[in-house]
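Listing of final05.pdb, PDB, C-alpha atoms, pLDDT in the B column
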```pdb
ATOM      1  CA  MET A  30      18.917  24.316  27.185  1.00 32.00           C
ATOM      2  CA  SER A  31      22.620  23.522  27.552  1.00 33.00           C
ATOM      3  CA  MET A  32      24.619  21.443  25.082  1.00 33.00           C
ATOM      4  CA  GLN A  33      24.965  18.747  27.736  1.00 36.00           C
ATOM      5  CA  ASP A  34      21.195  18.618  28.206  1.00 39.00           C
ATOM      6  CA  ALA A  35      20.714  18.368  24.437  1.00 40.00           C
ATOM      7  CA  VAL A  36      23.207  15.525  24.150  1.00 41.00           C
ATOM      8  CA  SER A  37      21.625  13.748  27.121  1.00 48.00           C
ATOM      9  CA  GLY A  38      18.199  14.152  25.530  1.00 46.00           C
ATOM     10  CA  VAL A  39      19.344  12.651  22.254  1.00 51.00           C
ATOM     11  CA  ALA A  40      21.008   9.760  24.069  1.00 70.00           C
ATOM     12  CA  LEU A  41      17.845   9.140  26.065  1.00 86.00           C
ATOM     13  CA  TRP A  42      15.447   8.731  23.147  1.00 90.00           C
ATOM     14  CA  ARG A  43      18.070   6.813  21.216  1.00 88.00           C
ATOM     15  CA  GLN A  44      18.418   4.440  24.156  1.00 90.00           C
ATOM     16  CA  VAL A  45      14.683   3.760  24.054  1.00 92.00           C
ATOM     17  CA  ALA A  46      14.762   3.274  20.277  1.00 90.00           C
ATOM     18  CA  ASP A  47      17.750   0.937  20.513  1.00 89.00           C
ATOM     19  CA  GLY A  48      16.058  -1.077  23.247  1.00 91.00           C
ATOM     20  CA  ILE A  49      12.896  -1.571  21.211  1.00 92.00           C
ATOM     21  CA  GLU A  50      14.931  -2.401  18.112  1.00 88.00           C
ATOM     22  CA  ARG A  51      16.842  -5.004  20.113  1.00 88.00           C
ATOM     23  CA  ASP A  52      13.583  -6.547  21.341  1.00 88.00           C
ATOM     24  CA  ILE A  53      12.374  -6.772  17.736  1.00 84.00           C
ATOM     25  CA  ALA A  54      15.644  -8.309  16.516  1.00 80.00           C
ATOM     26  CA  GLU A  55      15.630 -10.904  19.300  1.00 84.00           C
ATOM     27  CA  GLY A  56      12.025 -11.891  18.641  1.00 82.00           C
ATOM     28  CA  ARG A  57      10.409 -10.503  21.782  1.00 88.00           C
ATOM     29  CA  PHE A  58       8.163  -8.478  19.464  1.00 87.00           C
ATOM     30  CA  ALA A  59       7.240 -10.486  16.356  1.00 83.00           C
ATOM     31  CA  ALA A  60       6.469  -8.999  12.962  1.00 79.00           C
ATOM     32  CA  GLY A  61       2.973  -7.559  13.036  1.00 79.00           C
ATOM     33  CA  ALA A  62       2.816  -7.517  16.850  1.00 85.00           C
ATOM     34  CA  ARG A  63       1.437  -4.505  18.684  1.00 89.00           C
ATOM     35  CA  LEU A  64       3.983  -2.733  20.862  1.00 93.00           C
ATOM     36  CA  PRO A  65       3.117  -1.703  24.435  1.00 93.00           C
ATOM     37  CA  GLY A  66       1.475   1.697  24.712  1.00 92.00           C
ATOM     38  CA  GLU A  67       3.461   4.911  25.128  1.00 92.00           C
ATOM     39  CA  THR A  68       2.697   5.064  28.855  1.00 93.00           C
ATOM     40  CA  GLU A  69       3.916   1.505  29.439  1.00 94.00           C
ATOM     41  CA  ILE A  70       7.101   2.070  27.432  1.00 94.00           C
ATOM     42  CA  ALA A  71       7.720   5.290  29.346  1.00 93.00           C
ATOM     43  CA  GLU A  72       7.417   3.393  32.632  1.00 93.00           C
ATOM     44  CA  ILE A  73       9.742   0.610  31.443  1.00 92.00           C
ATOM     45  CA  TYR A  74      12.498   3.056  30.451  1.00 92.00           C
ATOM     46  CA  ARG A  75      11.665   5.663  33.116  1.00 92.00           C
ATOM     47  CA  VAL A  76      11.295   8.461  30.604  1.00 92.00           C
ATOM     48  CA  ASN A  77       8.469  10.789  29.633  1.00 92.00           C
ATOM     49  CA  ARG A  78       6.033  10.132  26.802  1.00 92.00           C
ATOM     50  CA  HIS A  79       7.595  12.822  24.609  1.00 92.00           C
ATOM     51  CA  THR A  80      10.845  10.830  24.647  1.00 92.00           C
ATOM     52  CA  VAL A  81       8.935   7.649  23.751  1.00 93.00           C
ATOM     53  CA  ARG A  82       7.196   9.383  20.852  1.00 92.00           C
ATOM     54  CA  ARG A  83      10.534  10.596  19.518  1.00 91.00           C
ATOM     55  CA  ALA A  84      11.991   7.086  19.754  1.00 93.00           C
ATOM     56  CA  LEU A  85       8.980   5.549  17.969  1.00 92.00           C
ATOM     57  CA  ALA A  86       9.114   8.227  15.273  1.00 89.00           C
ATOM     58  CA  ALA A  87      12.774   7.389  14.642  1.00 88.00           C
ATOM     59  CA  LEU A  88      11.934   3.685  14.360  1.00 88.00           C
ATOM     60  CA  ALA A  89       9.054   4.475  11.996  1.00 85.00           C
ATOM     61  CA  GLU A  90      11.374   6.547   9.791  1.00 80.00           C
ATOM     62  CA  ARG A  91      13.593   3.474   9.470  1.00 78.00           C
ATOM     63  CA  GLY A  92      10.622   1.272   8.581  1.00 76.00           C
ATOM     64  CA  LEU A  93      10.822  -0.879  11.722  1.00 84.00           C
ATOM     65  CA  VAL A  94       7.438   0.067  13.164  1.00 86.00           C
ATOM     66  CA  ARG A  95       4.261   1.715  11.944  1.00 83.00           C
ATOM     67  CA  ALA A  96       1.619   3.687  13.775  1.00 82.00           C
ATOM     68  CA  ALA A  97      -1.983   2.739  13.034  1.00 79.00           C
ATOM     69  CA  ARG A  98      -4.432   5.539  13.741  1.00 75.00           C
ATOM     70  CA  GLY A  99      -6.432   4.867  16.884  1.00 76.00           C
ATOM     71  CA  SER A 100      -4.958   1.406  17.299  1.00 80.00           C
ATOM     72  CA  GLY A 101      -1.334   1.683  18.387  1.00 87.00           C
ATOM     73  CA  THR A 102       2.143   1.025  17.056  1.00 90.00           C
ATOM     74  CA  TYR A 103       3.002  -2.243  15.356  1.00 88.00           C
ATOM     75  CA  VAL A 104       6.199  -3.999  14.358  1.00 87.00           C
ATOM     76  CA  GLU A 105       6.468  -3.587  10.611  1.00 79.00           C
ATOM     77  CA  THR A 106       6.440  -6.784   8.592  1.00 76.00           C
ATOM     78  CA  PRO A 107       9.273  -7.380   6.104  1.00 77.00           C
ATOM     79  CA  ARG A 108       8.879  -5.565   2.821  1.00 80.00           C
ATOM     80  CA  LEU A 109       6.772  -7.394   0.281  1.00 82.00           C
ATOM     81  CA  ALA A 110       8.865  -8.526  -2.687  1.00 85.00           C
ATOM     82  CA  TYR A 111       6.695  -7.390  -5.594  1.00 83.00           C
ATOM     83  CA  PRO A 112       7.761  -8.577  -9.064  1.00 79.00           C
ATOM     84  CA  LEU A 113       6.702  -6.357 -11.945  1.00 79.00           C
ATOM     85  CA  SER A 114       6.268  -8.436 -15.066  1.00 75.00           C
ATOM     86  CA  SER A 115       3.849  -9.096 -17.897  1.00 76.00           C
ATOM     87  CA  ARG A 116       1.767 -11.235 -15.513  1.00 77.00           C
ATOM     88  CA  THR A 117       1.640  -9.138 -12.368  1.00 74.00           C
ATOM     89  CA  ARG A 118      -1.153 -10.414 -10.076  1.00 79.00           C
ATOM     90  CA  PHE A 119      -1.477  -8.952  -6.587  1.00 82.00           C
ATOM     91  CA  SER A 120      -3.149 -11.979  -4.978  1.00 83.00           C
ATOM     92  CA  GLU A 121      -0.603 -14.401  -6.460  1.00 83.00           C
ATOM     93  CA  ILE A 122       2.336 -12.260  -5.371  1.00 83.00           C
ATOM     94  CA  VAL A 123       1.081 -11.878  -1.799  1.00 83.00           C
ATOM     95  CA  GLY A 124       0.115 -15.543  -1.566  1.00 82.00           C
ATOM     96  CA  ALA A 125       3.539 -16.637  -2.785  1.00 81.00           C
ATOM     97  CA  GLU A 126       5.050 -14.694   0.134  1.00 80.00           C
ATOM     98  CA  GLY A 127       2.977 -16.764   2.564  1.00 81.00           C
ATOM     99  CA  ARG A 128       0.724 -13.825   3.372  1.00 83.00           C
ATOM    100  CA  GLU A 129      -3.016 -13.431   3.027  1.00 86.00           C
ATOM    101  CA  PRO A 130      -4.183 -11.129   0.218  1.00 85.00           C
ATOM    102  CA  ARG A 131      -7.387  -9.134   0.510  1.00 88.00           C
ATOM    103  CA  GLY A 132      -9.078  -6.459  -1.543  1.00 88.00           C
ATOM    104  CA  GLN A 133     -11.642  -3.876  -0.508  1.00 91.00           C
ATOM    105  CA  LEU A 134     -13.918  -1.695  -2.604  1.00 93.00           C
ATOM    106  CA  ILE A 135     -13.760   1.933  -1.480  1.00 95.00           C
ATOM    107  CA  ALA A 136     -16.031   3.430  -4.112  1.00 95.00           C
ATOM    108  CA  GLU A 137     -17.254   2.956  -7.663  1.00 94.00           C
ATOM    109  CA  SER A 138     -18.746   5.392 -10.120  1.00 95.00           C
ATOM    110  CA  GLN A 139     -19.100   6.192 -13.808  1.00 95.00           C
ATOM    111  CA  GLU A 140     -17.401   9.029 -15.632  1.00 96.00           C
ATOM    112  CA  PRO A 141     -16.662  10.045 -19.231  1.00 98.00           C
ATOM    113  CA  ALA A 142     -13.238   9.139 -20.555  1.00 97.00           C
ATOM    114  CA  SER A 143     -10.710  11.943 -20.592  1.00 97.00           C
ATOM    115  CA  ARG A 144      -8.447  12.197 -23.619  1.00 97.00           C
ATOM    116  CA  GLU A 145      -5.648  10.414 -21.739  1.00 96.00           C
ATOM    117  CA  LEU A 146      -7.840   7.576 -20.437  1.00 97.00           C
ATOM    118  CA  ALA A 147      -9.477   7.171 -23.832  1.00 97.00           C
ATOM    119  CA  ARG A 148      -6.034   6.790 -25.419  1.00 96.00           C
ATOM    120  CA  GLU A 149      -4.966   4.182 -22.843  1.00 96.00           C
ATOM    121  CA  LEU A 150      -8.155   2.146 -23.299  1.00 96.00           C
ATOM    122  CA  GLY A 151      -8.500   2.536 -27.064  1.00 96.00           C
ATOM    123  CA  LEU A 152     -11.823   4.360 -26.744  1.00 97.00           C
ATOM    124  CA  LYS A 153     -13.278   7.648 -27.913  1.00 97.00           C
ATOM    125  CA  THR A 154     -12.960  10.669 -25.661  1.00 97.00           C
ATOM    126  CA  GLY A 155     -16.122  10.908 -23.572  1.00 97.00           C
ATOM    127  CA  ALA A 156     -16.883   7.177 -23.716  1.00 97.00           C
ATOM    128  CA  PRO A 157     -18.494   5.952 -20.475  1.00 97.00           C
ATOM    129  CA  LEU A 158     -16.077   4.412 -17.982  1.00 97.00           C
ATOM    130  CA  VAL A 159     -16.471   2.516 -14.734  1.00 96.00           C
ATOM    131  CA  ARG A 160     -14.121   3.919 -12.084  1.00 97.00           C
ATOM    132  CA  ILE A 161     -13.199   1.650  -9.176  1.00 96.00           C
ATOM    133  CA  GLU A 162     -11.335   2.803  -6.066  1.00 96.00           C
ATOM    134  CA  GLY A 163      -9.848  -0.138  -4.190  1.00 94.00           C
ATOM    135  CA  LEU A 164      -7.566  -0.901  -1.278  1.00 95.00           C
ATOM    136  CA  ARG A 165      -5.335  -3.986  -1.106  1.00 92.00           C
ATOM    137  CA  PHE A 166      -3.943  -5.679   1.963  1.00 92.00           C
ATOM    138  CA  ALA A 167      -1.357  -8.326   2.862  1.00 88.00           C
ATOM    139  CA  ASP A 168      -2.065  -9.900   6.263  1.00 83.00           C
ATOM    140  CA  LYS A 169      -4.406  -7.010   7.127  1.00 81.00           C
ATOM    141  CA  ILE A 170      -1.664  -4.448   6.396  1.00 84.00           C
ATOM    142  CA  PRO A 171      -2.616  -1.946   3.670  1.00 90.00           C
ATOM    143  CA  ILE A 172      -0.176  -2.165   0.768  1.00 92.00           C
ATOM    144  CA  CYS A 173      -1.671  -0.042  -1.981  1.00 93.00           C
ATOM    145  CA  VAL A 174      -4.672   2.019  -2.943  1.00 96.00           C
ATOM    146  CA  SER A 175      -5.624   1.965  -6.592  1.00 96.00           C
ATOM    147  CA  THR A 176      -7.914   3.652  -9.078  1.00 97.00           C
ATOM    148  CA  SER A 177      -8.983   1.519 -12.043  1.00 97.00           C
ATOM    149  CA  TRP A 178     -10.919   2.467 -15.157  1.00 98.00           C
ATOM    150  CA  LEU A 179     -12.736   0.063 -17.490  1.00 97.00           C
ATOM    151  CA  SER A 180     -15.120   0.493 -20.403  1.00 97.00           C
ATOM    152  CA  ALA A 181     -18.683   0.670 -19.046  1.00 96.00           C
ATOM    153  CA  GLU A 182     -19.977  -0.843 -22.286  1.00 96.00           C
ATOM    154  CA  ARG A 183     -17.666  -3.851 -22.193  1.00 94.00           C
ATOM    155  CA  PHE A 184     -17.797  -4.313 -18.411  1.00 95.00           C
ATOM    156  CA  PRO A 185     -21.274  -3.251 -17.222  1.00 91.00           C
ATOM    157  CA  ASP A 186     -21.808  -3.549 -13.473  1.00 91.00           C
ATOM    158  CA  ALA A 187     -18.049  -3.954 -12.920  1.00 93.00           C
ATOM    159  CA  GLY A 188     -18.212  -2.111  -9.601  1.00 90.00           C
ATOM    160  CA  ARG A 189     -20.697  -4.597  -8.151  1.00 91.00           C
ATOM    161  CA  ILE A 190     -18.623  -7.529  -9.399  1.00 93.00           C
ATOM    162  CA  PHE A 191     -15.464  -6.119  -7.811  1.00 91.00           C
ATOM    163  CA  ALA A 192     -17.307  -5.525  -4.534  1.00 90.00           C
ATOM    164  CA  SER A 193     -18.261  -9.212  -4.550  1.00 91.00           C
ATOM    165  CA  THR A 194     -14.980 -10.741  -5.754  1.00 89.00           C
ATOM    166  CA  ARG A 195     -12.568  -8.097  -4.333  1.00 86.00           C
ATOM    167  CA  SER A 196     -10.172  -9.008  -7.163  1.00 88.00           C
ATOM    168  CA  MET A 197      -9.540  -7.498 -10.589  1.00 89.00           C
ATOM    169  CA  THR A 198      -8.498 -10.932 -11.903  1.00 89.00           C
ATOM    170  CA  ALA A 199     -11.800 -12.423 -10.727  1.00 90.00           C
ATOM    171  CA  LEU A 200     -13.706  -9.454 -12.150  1.00 93.00           C
ATOM    172  CA  LEU A 201     -12.203  -9.992 -15.604  1.00 93.00           C
ATOM    173  CA  ALA A 202     -12.826 -13.748 -15.342  1.00 93.00           C
ATOM    174  CA  HIS A 203     -16.503 -12.971 -14.689  1.00 94.00           C
ATOM    175  CA  TYR A 204     -16.598 -11.414 -18.160  1.00 94.00           C
ATOM    176  CA  GLY A 205     -14.894 -14.411 -19.749  1.00 94.00           C
ATOM    177  CA  ILE A 206     -11.320 -13.077 -19.726  1.00 93.00           C
ATOM    178  CA  ARG A 207      -9.225 -15.860 -18.215  1.00 87.00           C
ATOM    179  CA  ASP A 208      -5.821 -14.496 -19.075  1.00 87.00           C
ATOM    180  CA  TYR A 209      -4.337 -11.073 -19.648  1.00 90.00           C
ATOM    181  CA  ARG A 210      -0.959  -9.374 -19.525  1.00 89.00           C
ATOM    182  CA  ARG A 211       0.578  -6.065 -18.606  1.00 87.00           C
ATOM    183  CA  GLY A 212       0.807  -3.877 -21.687  1.00 85.00           C
ATOM    184  CA  ALA A 213       2.605  -0.904 -20.136  1.00 82.00           C
ATOM    185  CA  THR A 214       3.953   0.163 -16.748  1.00 88.00           C
ATOM    186  CA  ARG A 215       5.272   3.525 -15.528  1.00 92.00           C
ATOM    187  CA  ILE A 216       6.647   4.081 -12.021  1.00 93.00           C
ATOM    188  CA  THR A 217       7.119   7.419 -10.287  1.00 96.00           C
ATOM    189  CA  ALA A 218       7.643   8.509  -6.680  1.00 95.00           C
ATOM    190  CA  ALA A 219       5.419  10.951  -4.826  1.00 96.00           C
ATOM    191  CA  ILE A 220       4.368  12.090  -1.371  1.00 95.00           C
ATOM    192  CA  ALA A 221       1.115  10.463  -0.266  1.00 93.00           C
ATOM    193  CA  GLU A 222      -1.909  12.724  -0.487  1.00 94.00           C
ATOM    194  CA  ALA A 223      -3.863  13.060   2.753  1.00 93.00           C
ATOM    195  CA  THR A 224      -6.641  10.674   1.685  1.00 95.00           C
ATOM    196  CA  ASP A 225      -4.208   8.000   0.514  1.00 95.00           C
ATOM    197  CA  ALA A 226      -2.083   8.399   3.642  1.00 91.00           C
ATOM    198  CA  ALA A 227      -5.143   7.783   5.817  1.00 90.00           C
ATOM    199  CA  ARG A 228      -6.156   4.696   3.843  1.00 93.00           C
ATOM    200  CA  LEU A 229      -2.624   3.292   3.933  1.00 90.00           C
ATOM    201  CA  ASP A 230      -2.066   4.109   7.612  1.00 83.00           C
ATOM    202  CA  LEU A 231       0.861   6.354   6.695  1.00 81.00           C
ATOM    203  CA  ALA A 232       1.995   9.514   8.414  1.00 75.00           C
ATOM    204  CA  LEU A 233       1.575  12.673   6.360  1.00 79.00           C
ATOM    205  CA  GLY A 234       4.619  13.317   4.235  1.00 83.00           C
ATOM    206  CA  ARG A 235       5.492   9.644   3.724  1.00 82.00           C
ATOM    207  CA  PRO A 236       6.420   8.509   0.196  1.00 90.00           C
ATOM    208  CA  VAL A 237       4.413   6.324  -2.139  1.00 94.00           C
ATOM    209  CA  LEU A 238       5.393   4.587  -5.356  1.00 95.00           C
ATOM    210  CA  VAL A 239       2.900   5.414  -8.090  1.00 97.00           C
ATOM    211  CA  VAL A 240       2.429   2.690 -10.701  1.00 94.00           C
ATOM    212  CA  ASP A 241       0.467   3.598 -13.831  1.00 95.00           C
ATOM    213  CA  SER A 242      -0.334   0.482 -15.841  1.00 93.00           C
ATOM    214  CA  THR A 243      -2.597  -0.857 -18.547  1.00 95.00           C
ATOM    215  CA  ASP A 244      -3.577  -4.515 -18.922  1.00 93.00           C
ATOM    216  CA  VAL A 245      -4.437  -6.008 -22.299  1.00 94.00           C
ATOM    217  CA  ASP A 246      -6.051  -9.220 -23.509  1.00 92.00           C
ATOM    218  CA  ALA A 247      -4.450 -11.918 -25.669  1.00 89.00           C
ATOM    219  CA  ASP A 248      -5.057  -9.814 -28.783  1.00 91.00           C
ATOM    220  CA  GLY A 249      -3.452  -6.745 -27.236  1.00 91.00           C
ATOM    221  CA  LYS A 250      -6.755  -4.918 -26.728  1.00 94.00           C
ATOM    222  CA  PRO A 251      -6.759  -2.736 -23.584  1.00 96.00           C
ATOM    223  CA  LEU A 252      -8.906  -4.022 -20.717  1.00 96.00           C
ATOM    224  CA  VAL A 253      -8.226  -1.844 -17.706  1.00 96.00           C
ATOM    225  CA  THR A 254      -5.912   1.042 -16.898  1.00 97.00           C
ATOM    226  CA  LYS A 255      -4.875   1.692 -13.300  1.00 96.00           C
ATOM    227  CA  ARG A 256      -3.054   4.118 -11.068  1.00 97.00           C
ATOM    228  CA  SER A 257      -1.838   2.331  -7.922  1.00 95.00           C
ATOM    229  CA  ARG A 258      -0.164   4.067  -4.974  1.00 97.00           C
ATOM    230  CA  PHE A 259       2.022   1.688  -2.963  1.00 94.00           C
ATOM    231  CA  ALA A 260       3.327   2.434   0.539  1.00 91.00           C
ATOM    232  CA  ALA A 261       7.008   2.763  -0.383  1.00 88.00           C
ATOM    233  CA  GLU A 262       8.211   1.398   2.964  1.00 81.00           C
ATOM    234  CA  ARG A 263       6.225  -1.835   2.574  1.00 86.00           C
ATOM    235  CA  VAL A 264       7.223  -3.060  -0.885  1.00 87.00           C
ATOM    236  CA  THR A 265      10.320  -3.746  -2.928  1.00 87.00           C
ATOM    237  CA  PHE A 266       9.667  -3.768  -6.661  1.00 86.00           C
ATOM    238  CA  GLU A 267      11.538  -6.447  -8.599  1.00 84.00           C
ATOM    239  CA  ILE A 268      11.779  -6.014 -12.348  1.00 79.00           C
ATOM    240  CA  ALA A 269      12.577  -9.168 -14.290  1.00 67.00           C
ATOM    241  CA  GLY A 270      15.249  -9.023 -16.949  1.00 56.00           C
ATOM    242  CA  SER A 271      14.294  -9.404 -20.574  1.00 45.00           C
TER     243      SER A 271
END
```
Show me the file's structure as structure tokens.
Amino acid sequence: MSMQDAVSGVALWRQVADGIERDIAEGRFAAGARLPGETEIAEIYRVNRHTVRRALAALAERGLVRAARGSGTYVETPRLAYPLSSRTRFSEIVGAEGREPRGQLIAESQEPASRELARELGLKTGAPLVRIEGLRFADKIPICVSTSWLSAERFPDAGRIFASTRSMTALLAHYGIRDYRRGATRITAAIAEATDAARLDLALGRPVLVVDSTDVDADGKPLVTKRSRFAAERVTFEIAGS
């Protein structure tokens, strides 16, 4: 392939990407809207589908669109402003942004506490734990997948309660805990594992923000420890000053 052909090829897919970006900016495609299919876009711009795929991939890299497996490509909604504070509540944060929060139980099980989990929860190593795998959405868009551990003795049947309430706050309220605070938070970056990528509708190789946290009651006693993996392109963490 000649240099001229290469330059023309780059210009061609960039032209498609710029056209779609312009349509998004001017409101012809609203946030959350499904874009036309690859074949239709190819016909509009008189290019082949490979060129369309390259243009959409470039837009996805910039966080302007996202591909949902088996469904199509959608205009990405603005990043969710997610404050991290002593009273971090997913449903309250999403609701304050004018978006609809939703939780989903993926799986629940029991397991003995590892040394690390026992330390976080103030329990003995080997103590029985309830493990809850959950997925959280804002306006039907997956935001984070989380793994939570609670004492099985203090919170028996926690998995069933979460399946019913779809909220950790409501789960704790069921056991009489009306208020709690964040005792510790650690944030790291990682590449999404295949299972998490599928649940979050992310392409393989996309980054996630991993938040390890432990919530405590009014007396400072640990309640639940969590590892949440947020789609990095869909949230902006805001840390309040002291």
Result set of the PyMOL selection byres ((chain A and resi 42) around 7) on the coordinates above, as a PyMOL selection string: chain A and resi 38-41+43-46+80-81+83-84
At a cut-off of 12 Å, using only C-alpha atoms, what residues contact A:Arg228? Leave out same-chain residues fewer than 3 positions from it and give the result as a PyMOL selection string. chain A and resi 97-98+133-135+162-166+170-175+221-225+231-233+258-260
Just say which residues the PyMOL selection byres ((chain A and resi 196) around 12) picks in this file, as a PyMOL selection string. chain A and resi 118-121+130-134+161-166+175+177+187-195+197-203
Could you expand the PyMOL selection byres ((chain A and resi 211) around 12) into the explicit residues it covers here, written as a list of chain:residue names?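 Those residues are A:Leu113, A:Ser114, A:Ser115, A:Arg116, A:Thr117, A:Arg118, A:Asp208, A:Tyr209, A:Arg210, A:Gly212, A:Ala213, A:Thr214, A:Arg215, A:Val240, A:Asp241, A:Ser242, A:Thr243, A:Asp244, A:Val245, A:Asp246, A:Ala247, A:Gly249, A:Lys250, A:Pro251, A:Leu252, A:Val253, A:Thr254, A:Lys255.
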Nearest candidate to A:Gly124 (options A:Gly92, A:Asp168, A:Arg51, A:Leu146; using all atoms listed in the file):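 Closest candidate: A:Asp168.
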If the box runs along x, y and z of the file and leaves 4 Å on each side of stretch 77-88 of chain A, what are its centre and edge lengths in Å, one decimal, as lines of an AutoDock Vina configuration file?
```
center_x = 9.4
center_y = 8.3
center_z = 22.0
size_x = 14.7
size_y = 17.1
size_z = 23.3
```
Neighbour list for A:Ala218 as a PDB file with C-alpha atoms, in the coordinates of the input, cut-off 9 Å, all atoms listed in the file, skip fewer than 5 positions in-chain:
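File produced: part_26.pdb:
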```
ATOM      1  CA  PRO A 236       6.420   8.509   0.196  1.00 90.00           C
ATOM      2  CA  VAL A 237       4.413   6.324  -2.139  1.00 94.00           C
ATOM      3  CA  LEU A 238       5.393   4.587  -5.356  1.00 95.00           C
ATOM      4  CA  VAL A 239       2.900   5.414  -8.090  1.00 97.00           C
ATOM      5  CA  VAL A 240       2.429   2.690 -10.701  1.00 94.00           C
ATOM      6  CA  ALA A 261       7.008   2.763  -0.383  1.00 88.00           C
TER       7      ALA A 261
END
```
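Of the listed residues (A:Ala227, A:Gly101, A:Gly61, A:Leu150), A:Gly61 comes nearest to A:Lys169; the distances count all atoms listed in the file.
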Between A:Leu152, A:Ile49, A:Ala136, A:Leu229, single out the one closest to A:Tyr74, counting all atoms listed in the file.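 Ranked by minimum distance to A:Tyr74, first place goes to A:Ile49.
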How many Å separate atom CA of A:Leu85 from atom CA of A:Tyr103? 10.2 Å
